[in-house]
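Participant: Just passing along the structure, written as structure tokens.
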Amino acid sequence: MLEWWNNLGLAAQIFYCIAIPSTLVLLIQTLLMFLGLSGESDGFGDGDVDLDADVDADAPDGVFGNEDLPVDHDVSGLDGLRIFTVRGIIAFLVVFGWVGVVMESLGVALYISVPVAFVCGAAMMIALAFLFRGVMKLRGDGNLDNRNAIGKDAKVHLTIPPSRTGEGKVHLLLQGVYVEREAFTDDKEPIPTGSMVTVIGLIGENDLLVKRK
């Protein structure tokens, strides 16, 4: 083992020193996540720390953390795209290290292997951020309060039958997230797809009562 290590070039040794520890940390993160043992204060927790923002003790601790997302948290825009997180940086190091190892083993020049490894690591970090934003959006939808839809405008996605004889579907912006909801109307005429309506009440907990705008 020692002979193998000594036979490696300096660049390959550096890549291995980056790849192996970061891979072990990533495995520990993943294991703790599935076991539900991660905490928001340790280095391996699910509570990703935004490294490009001020620390907020009351902020949500990430996608799989213990705290609920605030109901007005908008994960549909760029503010929901958390790139520089602990997990993201570890993913970057894993990909950067192993891509560098592979390219070194193929005899690729260092001035090529380092930029390629960097680009691959950055791509992984960004892809991970988009993946987590999608998960956050799904999770955030569970925290939406349909009562906040009353008084808002919506666009009919599926024709709403008249006089509550059936249900249609509408799209609207609710707490910063575009959502689809089932809708009824008391209007005597059906409201066709593409029409604008106003939410005037709720039917049960999830269905909306609307009228033509």
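Scheme for the structure tokens: letters A, B, ... for chains in order shown; per-chain residue numbers from 1; ligand numbers from 1 in order shown.
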At most 9 Å is the cut-off: for each residue in segment 94-155 of chain A with any atom that close to an atom of segment 18-28 of chain A, write down the nearest atom pair and the distance in Å rounded to one decimal, counting only C-alpha atoms, chain first then increasing number, as a Markdown table.

Facilitator:
```
| residue | atom | partner | partner_atom | distance |
| --- | --- | --- | --- | --- |
| A:Val94 | CA | A:Ala19 | CA | 5.0 |
| A:Val95 | CA | A:Ala19 | CA | 7.4 |
| A:Phe96 | CA | A:Ala19 | CA | 7.3 |
| A:Gly97 | CA | A:Ala19 | CA | 4.1 |
| A:Trp98 | CA | A:Ala19 | CA | 5.5 |
| A:Val99 | CA | A:Ala19 | CA | 8.9 |
| A:Gly100 | CA | A:Ala19 | CA | 8.7 |
| A:Val101 | CA | A:Ala19 | CA | 8.2 |
```

Participant: Would you mind exporting N, CA and C atoms of the selected residues as a compact mmCIF listing (two decimals), in the first residue's frame?

Facilitator:
```
# COMPACT_ATOMS: atom_id res chain seq x y z
N VAL A 94 -16.05 15.61 -3.80
CA VAL A 94 -16.06 14.20 -4.21
C VAL A 94 -15.84 14.09 -5.71
N VAL A 95 -16.64 14.84 -6.47
CA VAL A 95 -16.53 14.76 -7.93
C VAL A 95 -15.20 15.32 -8.41
N PHE A 96 -14.78 16.45 -7.86
CA PHE A 96 -13.50 17.06 -8.24
C PHE A 96 -12.36 16.08 -8.01
N GLY A 97 -12.35 15.44 -6.84
CA GLY A 97 -11.26 14.53 -6.51
C GLY A 97 -11.21 13.32 -7.40
N TRP A 98 -12.36 12.66 -7.60
CA TRP A 98 -12.33 11.41 -8.37
C TRP A 98 -12.13 11.67 -9.86
N VAL A 99 -12.69 12.76 -10.38
CA VAL A 99 -12.42 13.09 -11.79
C VAL A 99 -10.93 13.37 -11.97
N GLY A 100 -10.33 14.09 -11.01
CA GLY A 100 -8.90 14.33 -11.08
C GLY A 100 -8.10 13.05 -11.03
N VAL A 101 -8.49 12.11 -10.16
CA VAL A 101 -7.79 10.82 -10.06
C VAL A 101 -7.84 10.08 -11.39
```

Participant: Can you pull out the residues contacting Ser113 of chain A? Cut-off 8 Å, using only C-alpha atoms, and skip same-chain residues under 3 positions away; I want them as a JSON list (two decimals) with N, CA and C atoms, in the first residue's frame.

Facilitator:
```json
[["chain", "number", "residue", "atom", "x", "y", "z"],
["A", 99, "VAL", "N", -12.69, 12.76, -10.38],
["A", 99, "VAL", "CA", -12.42, 13.09, -11.79],
["A", 99, "VAL", "C", -10.93, 13.37, -11.97],
["A", 100, "GLY", "N", -10.33, 14.09, -11.01],
["A", 100, "GLY", "CA", -8.90, 14.33, -11.08],
["A", 100, "GLY", "C", -8.10, 13.05, -11.03],
["A", 103, "MET", "N", -8.38, 11.27, -14.44],
["A", 103, "MET", "CA", -7.62, 11.94, -15.50],
["A", 103, "MET", "C", -6.12, 11.80, -15.29],
["A", 104, "GLU", "N", -5.70, 11.81, -14.04],
["A", 104, "GLU", "CA", -4.27, 11.58, -13.76],
["A", 104, "GLU", "C", -3.87, 10.17, -14.17],
["A", 108, "VAL", "N", -3.51, 12.55, -18.41],
["A", 108, "VAL", "CA", -3.91, 13.86, -18.90],
["A", 108, "VAL", "C", -3.09, 14.93, -18.19],
["A", 109, "ALA", "N", -2.71, 15.95, -18.92],
["A", 109, "ALA", "CA", -1.89, 17.02, -18.35],
["A", 109, "ALA", "C", -2.64, 17.73, -17.22],
["A", 110, "LEU", "N", -1.91, 18.21, -16.24],
["A", 110, "LEU", "CA", -2.51, 18.82, -15.06],
["A", 110, "LEU", "C", -3.29, 20.08, -15.41],
["A", 116, "VAL", "N", -11.06, 20.65, -15.80],
["A", 116, "VAL", "CA", -12.15, 19.70, -16.09],
["A", 116, "VAL", "C", -12.76, 19.18, -14.79],
["A", 117, "ALA", "N", -11.91, 18.83, -13.83],
["A", 117, "ALA", "CA", -12.40, 18.35, -12.54],
["A", 117, "ALA", "C", -13.20, 19.44, -11.82]]
```

Participant: Please provide the set of residues having any atom within 10 Å of segment 203-212 of chain A, restricted to only C-alpha atoms, with same-chain residues fewer than 3 positions apart removed, written as an mmCIF file with C-alpha atoms, in the first residue's frame.

Facilitator:
```cif
data_model
loop_
_atom_site.group_PDB
_atom_site.id
_atom_site.type_symbol
_atom_site.label_atom_id
_atom_site.label_comp_id
_atom_site.auth_asym_id
_atom_site.auth_seq_id
_atom_site.Cartn_x
_atom_site.Cartn_y
_atom_site.Cartn_z
ATOM 1 C CA ASP A 145 -52.695 27.476 3.983
ATOM 2 C CA ASN A 146 -55.510 27.529 1.437
ATOM 3 C CA ARG A 147 -57.255 30.258 3.413
ATOM 4 C CA ALA A 149 -56.028 32.032 -1.431
ATOM 5 C CA ILE A 150 -59.258 33.904 -0.636
ATOM 6 C CA GLY A 151 -59.371 37.149 -2.582
ATOM 7 C CA LYS A 152 -56.625 36.103 -5.003
ATOM 8 C CA ASP A 153 -56.977 35.753 -8.751
ATOM 9 C CA ALA A 154 -56.526 32.386 -10.440
ATOM 10 C CA LYS A 155 -56.507 31.014 -13.972
ATOM 11 C CA VAL A 156 -58.807 28.163 -14.917
ATOM 12 C CA ILE A 160 -65.383 24.560 -13.951
ATOM 13 C CA ARG A 164 -71.340 23.346 -8.138
ATOM 14 C CA GLU A 167 -65.208 20.456 -10.107
ATOM 15 C CA GLY A 168 -62.628 22.114 -12.280
ATOM 16 C CA LYS A 169 -59.031 23.079 -11.659
ATOM 17 C CA VAL A 170 -57.303 26.421 -11.295
ATOM 18 C CA ARG A 181 -56.331 23.472 -6.765
ATOM 19 C CA GLU A 182 -59.740 21.971 -7.425
ATOM 20 C CA ALA A 183 -62.414 24.615 -7.763
ATOM 21 C CA PHE A 184 -66.205 25.003 -7.776
ATOM 22 C CA THR A 185 -68.423 27.926 -8.713
ATOM 23 C CA ASP A 186 -71.951 29.153 -8.041
ATOM 24 C CA ASP A 187 -72.093 30.820 -11.470
ATOM 25 C CA GLU A 189 -72.593 29.202 -16.667
ATOM 26 C CA PRO A 190 -69.455 27.042 -16.870
ATOM 27 C CA ILE A 191 -66.155 28.871 -16.617
ATOM 28 C CA PRO A 192 -63.938 27.696 -19.493
ATOM 29 C CA SER A 195 -60.599 32.305 -17.865
ATOM 30 C CA MET A 196 -59.569 34.415 -14.911
ATOM 31 C CA VAL A 197 -61.469 33.918 -11.663
ATOM 32 C CA THR A 198 -61.368 35.247 -8.128
ATOM 33 C CA VAL A 199 -61.324 32.977 -5.096
ATOM 34 C CA ILE A 200 -64.214 33.919 -2.800
#
```

Participant: Any idea what the distance is between atom CA of Met1 of chain A and atom CA of Phe15 of chain A?

Facilitator: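 Atom-to-atom, atom CA of Met1 of chain A to atom CA of Phe15 of chain A, that is 16.8 Å.
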
Participant: Give me, please, the distance in Å between atom CA of Phe118 of chain A and atom CA of Gly134 of chain A, quoted to one decimal.

Facilitator: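 Taking atom CA of Phe118 of chain A as the start and atom CA of Gly134 of chain A as the end point, the length is 24.5 Å.
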
Participant: Under the rule that only C-alpha atoms are counted, which of A:Phe130, A:Thr193, A:Ile90, A:Lys188 is the nearest residue to His157 of chain A?

Facilitator: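 That would be A:Thr193, the residue with the smallest distance to His157 of chain A.
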
Participant: For Gly9 of chain A, list every protein, DNA or RNA residue within 10 Å, evaluated using only C-alpha atoms, and leave out those in the same chain fewer than 4 positions away; present the list as a list in words.

Facilitator: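 Residues meeting the cut-off are Trp5, Gln13, Ile14, Glu104 and Ser105 of chain A.
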
Participant: Would you mind reading off the distance between atom CA of Gln175 of chain A and atom CA of Pro161 of chain A, one decimal, in Å?

Facilitator: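 Separating atom CA of Gln175 of chain A from atom CA of Pro161 of chain A is a distance of 26.9 Å.
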
Participant: Could you tell me which of A:Leu174, A:Ala11, A:Arg87, A:Leu2 comes closest to Gly107 of chain A if we count only C-alpha atoms?

Facilitator: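 When distances to Gly107 of chain A are compared using only C-alpha atoms, the smallest one comes from A:Ala11.
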